[in-house]
Protein chains: 2
Amino acid sequence: MYLAAVLATILIFLWIQVFADEGMWPISEIHKIGLQQKGLEIAAEDIFSPGKLSLIQAVVQVGATGSFVSEDGLIITNHHVAYGSVQAVSTKEKDYIQQGFKASRRSDEIPARGLTARITESYRDVSTEILSVIKEQMEFAEQTKAVERKMKEMVAEAERENPGKRAEVAEMFSGKTYVLFLYTYLKDIRLVYVPPRSIGNFGGEIDNWMWPRHTGDFSFLRAYVAPDGTPAEYSKENIPYHPKKYLQINPKGVEEGNFIFLLGYPGRTYRHRTSHFLAYEEEVRMPWVADWYAWQISVMEMTGEKDREIALKHLSRMRGLSNTMKNYRGKLSGMKRIGLVDIKREEEKELRRFIQADQERKAKYGDILKKIGKIYDDIRERAEYELLLDYLRRSVNMISFGYTVYEASIERQKEDLERESSYMDRNFARTRQRLELSLRNYHQPTDKMVFKELLMRAAKLPPEFRIPALETIFEGADLEGNIDEFVAQTYSRSTLSQSSVLMDALQKSTSELKEMNDPFIQLAEALYPSYQNLKKTRDARTGALTELYAHLIDVKKEFLQKDFIPDANRTLRLTFGRIRGYHPRDAVYYEPITTLDGVVEKTTSEEPFDTPAELIALHREKDFGQFLHPQLKSVPVCILYDADTTGGNSGSPVLNARGELVGVNFDRAYEATINDYRWNKDYSRSIAVDIRYVLWIMQKYGKVDDLLKEMDVSF
Amino acid sequence: MYLAAVLATILIFLWIQVFADEGMWPISEIHKIGLQQKGLEIAAEDIFSPGKLSLIQAVVQVGATGSFVSEDGLIITNHHVAYGSVQAVSTKEKDYIQQGFKASRRSDEIPARGLTARITESYRDVSTEILSVIKEQMEFAEQTKAVERKMKEMVAEAERENPGKRAEVAEMFSGKTYVLFLYTYLKDIRLVYVPPRSIGNFGGEIDNWMWPRHTGDFSFLRAYVAPDGTPAEYSKENIPYHPKKYLQINPKGVEEGNFIFLLGYPGRTYRHRTSHFLAYEEEVRMPWVADWYAWQISVMEMTGEKDREIALKHLSRMRGLSNTMKNYRGKLSGMKRIGLVDIKREEEKELRRFIQADQERKAKYGDILKKIGKIYDDIRERAEYELLLDYLRRSVNMISFGYTVYEASIERQKEDLERESSYMDRNFARTRQRLELSLRNYHQPTDKMVFKELLMRAAKLPPEFRIPALETIFEGADLEGNIDEFVAQTYSRSTLSQSSVLMDALQKSTSELKEMNDPFIQLAEALYPSYQNLKKTRDARTGALTELYAHLIDVKKEFLQKDFIPDANRTLRLTFGRIRGYHPRDAVYYEPITTLDGVVEKTTSEEPFDTPAELIALHREKDFGQFLHPQLKSVPVCILYDADTTGGNSGSPVLNARGELVGVNFDRAYEATINDYRWNKDYSRSIAVDIRYVLWIMQKYGKVDDLLKEMDVSF
């Protein structure tokens with residue numbers, strides 16, 4: 001008993017310790033941090049103050065994050081953020097991935113296909129309005145639907161009142177707090193300067209999620225608007241956008257121990273979830289997905305091996321799969337290393353003891369954890385079935401095409417606010433664009449193999465989880481033969497991979513689609529009920545969990561006597577920390593600044609360590625200009641810090657104590673992949689390309705003096 | 001010119017700097033070091049003083065190195081030094097590699113097959129005698145033979161004068177200095193305590209040549225002698241040997257920055273060779289051998305995959321091949337990293353300038369470097385041919401068997417001193433033992449594949465380098481078919497893989513062997529002239545290089561105004577340094593002491609990271625006893641230091657400033673594989689198992705209290 005009490009004290013202490021260091025703070029909360037005591041030399045109001053000019057107006061969401069660095073709408077972000085767009089305009093002859101892209105004049109700047117930019121303009125707490133729609137007698141699935149509908153209504157209303165702006169309602173704490181954000185929304189984004197892959201993605205998948213890092217993971221874009229200054233789709237007549245605010249660059253960079261902060265749009269964290277969720281992630285979902293991605297990658301490597309054109313088609317998708325796979329594997333080993341599930345269970349045991357200690361609390365919260373546990377038991381039981389359904393639609397292009405056009409024909413008939421989000425008027429053009437991009441990278445032999453593999457797996461589902469639409473395929477003795485024949489037939493009979501057919505189909509009604517007699521549309525129709533049921537099941541779960549997690553937060557607050565920071569949810573956040581190394585494992589210490597010497601040290605003649613010869617020559621001649629670091633005796637390349645980031649923070653500006661740009665965030669260390677579940681002061685480290693490397697590359701290698709001048713960087 | 005002069009100064013400075021830190025000092029020279037200023041707290045005479053009792057009498061050569069740690073002849077050395085002997089007495093049922101070996105009583109100690117022990121007794125400079133046999137008019141090959149003959153005569157004479165002792169003449173500086181060493185030679189060595197592979201070879205080939213390390217690479221042997229105290233072969237009646245001196249153990253270990261020194265038998269270094277040698281090693285020999293070993297390893301992995309018994313046969317050999325392969329790859333990357341060949345060339349350019357500056361010097365030394373270069377040109381040209389001949393005999397067991405018996409039949413007819421060393425009376429028993437060991441691990445399918453591969457390569461040799469004995473095999477259109485048939489035929493017809501046949505054959509005369517009609521003996525006979533020519537070519541080269549290198553050392557001494565330390569040559573040396581970390585690459589620092597936490601951190605459930613459950617439990621329970629390190633909060637496992645070591649130093653005692661045992665050397669860091677060619681103060685680091693880990697394992701895991709008591713270790 002005594003031991004348990006000591007343990008409890010230690011755990012609470014650790015918990016608070018941990019929370020004390022972490023934080024992806026909503027901008028509305030940053031005045032609570034006491035940033036100046038932490039090391040900030042400007043006022044918190046200079047970062048954000050409602051209605052006033054502040055740094056956040058220089059921060060822009062471009063898929064992940066970017067920031068304005070000139071009055072003419074120049075945006076700095078990551079190489080990997082622009083990657084898909086660069087790939088989309090690359091051909092075998094003009095391979096901008098390999099060679100890089102450089103616009104000598106503004107008129108040479110070309111559309112960054114698929115990219116848009118959003119700037120946070122304002123926000124408003126709408127929790128009361130949103131939660132008012134939940135009625136006692138509603139089923140959980142109905143509650144979820146009602147909340148979704150209310151969100152859409154509020155978004156529509158806000159966009160009506162603010163023409164040209166984009167609105168989003170973000171859930172901060174499940175079932176508790178909701179905030180409506182208003183964004184300026186720019187649609188004409190162009191490529192300006194992108195270094196070659198051998199700089200921008202130096203180290204490739206081998207170095208991804210790794211420190212020490214030597215990647216020049218940056219690129220420059222420019223936002224354009226209509227001649228009258230309003231947001232517009234691409235047009236030759238458009239003019240550069242003038243942001244309200246842009247960042248000052250400090251070419252002197254930072255040193256070990258210096259205070260830094262980041263602004264950005266972190267995607268998703270799960271720190272308030274229970275041990276049941278974590279155990280499911282660790283034992284079921286992540287291993288399944290990591291293995292499935294590894295399988296797909298090996299197929300794409302095989303089909304792309306002998307043909308650079310096919311390899312180019314796979315490039316962006318493989319990179320995405322590989323990124324997630326390595327992230328999951330990092331998380332799995334990190335969870336094991338710190339015994340995360342056990343830690344959570346211990347914490348929950350303490351919480352349970354706290355709840356049991358008081359009759360009123362017991363009555364109110366006594367069964368929360370048990371109920372949450374039951375929901376995850378159900379998720380576990382259905383996991384293989386649900387994952388297969390999910391990945392049929394996600395991993396097989398042709399099913400995605402067939403299903404999208406079929407679902408569109410149903411959804412587009414509904415009132416706008418009733419539709420699935422991607423079929424609403426405000427999103428439909430982007431949905432169409434996404435299909436076009438997928439089609440561009442479509443490769444039939446690969447798609448067939450992926451489809452076949454999933455069918456083979458589906459054939460092995462237990463009787464209670466069969467997918468009715470597929471059952472006829474699995475009949476008969478020669479399972480593999482039947483699947484092979486079915487796959488061959490559907491692909492040879494379908495015309496959906498022709499761009500014109502697919503785009504036409506997206507406009508058709510359900511009955512017109514049926515007349516096409518396309519096997520993938522027929523398959524979509526047959527699968528439709530399964531997906532509808534899946535959605536219903538999940539809505540019910542979400543409704544139940546939303547209520548349970550809301551209660552959980554309440555009692556945790558009571559127990560720990562503190563406020564929490566909401567999980568990341570793609571809204572603007574601030575995080576801070578210091579330039580700092582770490583011990584990744586026994587007897588190894590990683591220092592927080594890498595150098596050009598390290599780039600040369602890693603260089604082989606082979607991808608992904610194939611540094612351009614010009615760079616090697618600059619290093620040999622010690623042509624470091626003003627970027628020579630006096631102690632390191634080389635040009636700094638990447639920096640490491642203990643700020644709290646996750647995916648979506650890619651491209652986030654790293655700012656010094658005076659709010660000047662000193663780096664561009666692009667990754668986390670392998671041991672920090674676990675950030676999404678738990679912050680850890682020993683291991684949570686994030687990585688930026690050092691502004692000194694960016695500028696040195698631009699000056700000495702890229703020779704883009706006009707851009708440097710535009711950013712007020714003087715040499 | 002100015003730049004060149006500065007460069008020259010820097011290079012000389014570096015050279016001296018470098019030599020100032022390095023050093024595998026012959027024991028005769030250690031009084032010159034000033035060891036007490038370096039940190040030694042005892043007198044140099046306590047380490048070695050001719051004719052007196054000193055530490056070197058506790059050091060023993062057992063293949064590599066070991067040391068006495070009790071008055072009853074207990075020897076501590078590496079797990080990997082005893083490995084082959086442990087493997088030789090292991091079976092599927094009693095797998096001492098997997099389970100470890102522990103003798104509960106002295107009577108349970110079993111022979112360590114193949115191991116002998118030598119203790120350095122005395123030495124004497126015999127340069128004048130040796131060099132006196134070289135006559136002006138001799139061809140180079142004759143010179144080599146004359147020197148070899150003289151060495152053998154002196155050895156025979158010394159062994160005659162010192163019955164039971166073993167003598168060796170060691171070349172210290174080619175063509176300059178020779179020393180005769182006299183050794184006590186013990187032949188009954190037994191296994192006492194060997195930890196399981198999961199401790200003694202934790203990390204296996206993955207961690208080999210790597211830091212941070214977590215391997216308990218130690219084992220205990222015992223030397224036995226006849227009841228009258230004289231060296232004897234194994235016999236039940238033998239009694240433990242009482243060494244003149246044994247080491248005291250310090251269970252407190254060492255700390256970062258502490259002075260340490262090592263005694264041992266380092267094998268071979270090449271620091272006095274020229275750039276021509278290094279370039280040949282880097283460009284030709286090492287890549288060839290590393291690739292060839294990699295190929296053999298992959299074959300052995302394949303053939304051993306499904307059968308543990310076959311895998312066991314391959315184990316020791318694969319380990320040897322893999323060890324060399326990784327060492328070579330480490331060297332190749334290290335040579336590239338520091339640009340070693342270019343550094344040597346620059347140094348030689350300076351030396352050449354020094355030679356040219358003086359008429360007399362020019363006349364005497366003007367063409368040394370050119371002549372050395374010419375010899376390496378020749379070696380390069382013949383490399384593929386010579387390497388193939390070498391590896392036919394080394395890699396193919398059946399050729400080795402056939403050739404050994406055939407050569408024995410010729411050599412054994414000669415007067416003893418005229419024979420190749422391994423057929424001399426004093427060595428012939430060991431040669432026989434080695435054959436028996438090879439036969440024990442012989443696996444026909446593997447041997448056939450290796451033979452076929454070498455024949456395929458031999459078939460591609462250019463016309464001027466064909467091997468006559470193989471030509472008939474390569475005739476006809478279907479090359480691979482012919483080779484397959486030849487291989488199948490020879491193996492099915494030969495009986496040399498039967499132990500009794502092979503051992504009988506070793507006693508037969510040449511004509512008796514011919515009567516056997518064994519295809520591998522016939523092949524040996526056919527190959528014999530090629531090998532004889534090869535030996536002649538090499539003797540001539542050695543003679544020429546011996547003379548040239550002797551001159552080179554003379555002029556280098558004049559140029560640099562300093563004495564040199566001779567290259568390692570398996571004679572007793574001292575090296576010293578401090579416990580010290582290093583920077584292996586940009587932004588990474590390795591600390592010099594690892595811990596048990598790191599063992600657990602690396603542990604997976606799979607070989608080679610499969611820590612025994614008992615050890616994991618001891619860690620969980622923090623049962624660290626007196627070995628808890630107060631700062632590291634765990635048991636120290638391995639230590640790192642900047643002393644100068646090479647292969648042969650395996651098992652060397654690591655001694656603290658007071659000459660007490662604090663570790664057992666077993667490896668170098670990857671970046672230090674380059675030691676054999678060049679010492680580097682930033683990268684040259686060697687690795688020992690910490691005595692604290694050894695004692696903790698013995699106490700808590702092995703529970704061998706008697707041994708601890710025997711070593712006077714009190715807890």
# chains A, B, ... in the order shown; residues from 1 in each chain; ligands from 1
>>> interface_residues(of="chain B", to="chain A", cutoff="6 Å", atoms="only C-alpha atoms", output="PyMOL selection string")
chain B and resi 586-591+594+598
>>> residues_around(residues="segment 475-480 of chain B", least_positions_apart="3", cutoff="9 Å", atoms="only C-alpha atoms", output="list in words")
Lys452, Met456, Ala459, Glu471, Thr472, Ile483, Asp484 and Glu485 of chain B
>>> residues_around(residues="Leu548 of chain A", least_positions_apart="4", cutoff="8 Å", atoms="only C-alpha atoms", output="ChimeraX atom specification")
/A:368,371-372,544,552
>>> atom_distance(atom1="atom CA of Asn397 of chain B", atom2="atom CA of Tyr442 of chain B")
7.0 Å
>>> select_by_dssp(residues="segment 265-345 of chain A", states="helix (DSSP H, G or I)", output="PyMOL selection string")
chain A and resi 275-304+308-338+340-345
>>> residues_around(residues="Leu628 of chain B", least_positions_apart="5", cutoff="10 Å", atoms="only C-alpha atoms", output="list of chain:residue names")
B:Lys252, B:Thr595, B:Leu596, B:Lys622, B:Asp623, B:Lys633, B:Ser634, B:Val635, B:Pro636, B:Arg692, B:Trp696
>>> select_by_dssp(residues="segment 186-391 of chain A", states="strand (DSSP E)", output="PyMOL selection string")
chain A and resi 186+188-194+219-225+239-240+259-264
>>> atom_distance(atom1="atom CA of Tyr385 of chain A", atom2="atom CA of Phe465 of chain A")
6.1 Å
>>> residues_around(residues="Ser316 of chain A", least_positions_apart="2", cutoff="10 Å", atoms="only C-alpha atoms", output="number ranges by chain")
A: 80, 83-88, 311-314, 318-322, 441
>>> atom_distance(atom1="atom CA of Gly373 of chain A", atom2="atom CA of Tyr178 of chain A")
25.4 Å
>>> residues_around(residues="Thr431 of chain A", least_positions_apart="4", cutoff="12 Å", atoms="only C-alpha atoms", output="mmCIF file with N, CA and C atoms, in the first residue's frame")
data_model
loop_
_atom_site.group_PDB
_atom_site.id
_atom_site.type_symbol
_atom_site.label_atom_id
_atom_site.label_comp_id
_atom_site.auth_asym_id
_atom_site.auth_seq_id
_atom_site.Cartn_x
_atom_site.Cartn_y
_atom_site.Cartn_z
ATOM 1 N N GLY A 114 -2.486 21.788 -56.899
ATOM 2 C CA GLY A 114 -3.034 21.142 -55.698
ATOM 3 C C GLY A 114 -2.822 21.931 -54.414
ATOM 4 N N SER A 400 -11.409 3.534 -55.605
ATOM 5 C CA SER A 400 -11.571 4.926 -55.194
ATOM 6 C C SER A 400 -12.316 5.719 -56.267
ATOM 7 N N PHE A 401 -11.937 5.543 -57.539
ATOM 8 C CA PHE A 401 -12.607 6.258 -58.635
ATOM 9 C C PHE A 401 -14.084 5.862 -58.697
ATOM 10 N N THR A 404 -16.043 7.050 -55.600
ATOM 11 C CA THR A 404 -16.217 8.502 -55.530
ATOM 12 C C THR A 404 -17.333 8.961 -56.477
ATOM 13 N N VAL A 405 -17.303 8.465 -57.715
ATOM 14 C CA VAL A 405 -18.350 8.934 -58.650
ATOM 15 C C VAL A 405 -19.726 8.409 -58.210
ATOM 16 N N ALA A 408 -20.773 10.387 -55.166
ATOM 17 C CA ALA A 408 -21.077 11.759 -55.590
ATOM 18 C C ALA A 408 -22.492 11.827 -56.155
ATOM 19 N N GLU A 420 -21.827 14.529 -47.438
ATOM 20 C CA GLU A 420 -20.482 14.271 -46.949
ATOM 21 C C GLU A 420 -19.615 15.456 -47.369
ATOM 22 N N SER A 421 -18.704 15.836 -46.496
ATOM 23 C CA SER A 421 -17.945 17.061 -46.680
ATOM 24 C C SER A 421 -17.340 17.232 -48.085
ATOM 25 N N SER A 422 -16.747 16.175 -48.624
ATOM 26 C CA SER A 422 -16.037 16.359 -49.893
ATOM 27 C C SER A 422 -16.966 16.580 -51.088
ATOM 28 N N TYR A 423 -18.276 16.370 -50.884
ATOM 29 C CA TYR A 423 -19.221 16.603 -51.998
ATOM 30 C C TYR A 423 -19.989 17.901 -51.839
ATOM 31 N N MET A 424 -19.694 18.654 -50.790
ATOM 32 C CA MET A 424 -20.330 19.959 -50.618
ATOM 33 C C MET A 424 -19.793 20.899 -51.692
ATOM 34 N N ASP A 425 -20.587 21.865 -52.044
ATOM 35 C CA ASP A 425 -20.193 22.776 -53.126
ATOM 36 C C ASP A 425 -18.823 23.406 -52.873
ATOM 37 N N ARG A 426 -18.596 23.766 -51.618
ATOM 38 C CA ARG A 426 -17.345 24.463 -51.308
ATOM 39 C C ARG A 426 -16.102 23.579 -51.475
ATOM 40 N N ASN A 427 -16.292 22.266 -51.486
ATOM 41 C CA ASN A 427 -15.139 21.359 -51.562
ATOM 42 C C ASN A 427 -15.066 20.550 -52.856
ATOM 43 N N LEU A 435 -8.931 13.706 -57.631
ATOM 44 C CA LEU A 435 -9.124 12.573 -58.540
ATOM 45 C C LEU A 435 -8.186 12.682 -59.737
ATOM 46 N N GLU A 436 -8.106 13.887 -60.287
ATOM 47 C CA GLU A 436 -7.229 14.104 -61.446
ATOM 48 C C GLU A 436 -5.777 13.762 -61.126
ATOM 49 N N LEU A 437 -5.327 14.197 -59.937
ATOM 50 C CA LEU A 437 -3.955 13.915 -59.513
ATOM 51 C C LEU A 437 -3.728 12.415 -59.354
ATOM 52 N N SER A 438 -4.685 11.738 -58.732
ATOM 53 C CA SER A 438 -4.582 10.285 -58.558
ATOM 54 C C SER A 438 -4.481 9.607 -59.915
ATOM 55 N N MET A 503 -14.104 12.115 -65.434
ATOM 56 C CA MET A 503 -14.589 13.464 -65.129
ATOM 57 C C MET A 503 -16.068 13.620 -65.508
ATOM 58 N N LEU A 506 -18.293 11.974 -62.936
ATOM 59 C CA LEU A 506 -18.435 12.725 -61.686
ATOM 60 C C LEU A 506 -19.669 13.642 -61.719
#
>>> closest_residue(among="A:Thr269, A:Thr120, A:Thr673, A:Thr128", to="Asp567 of chain A", atoms="only C-alpha atoms")
A:Thr269
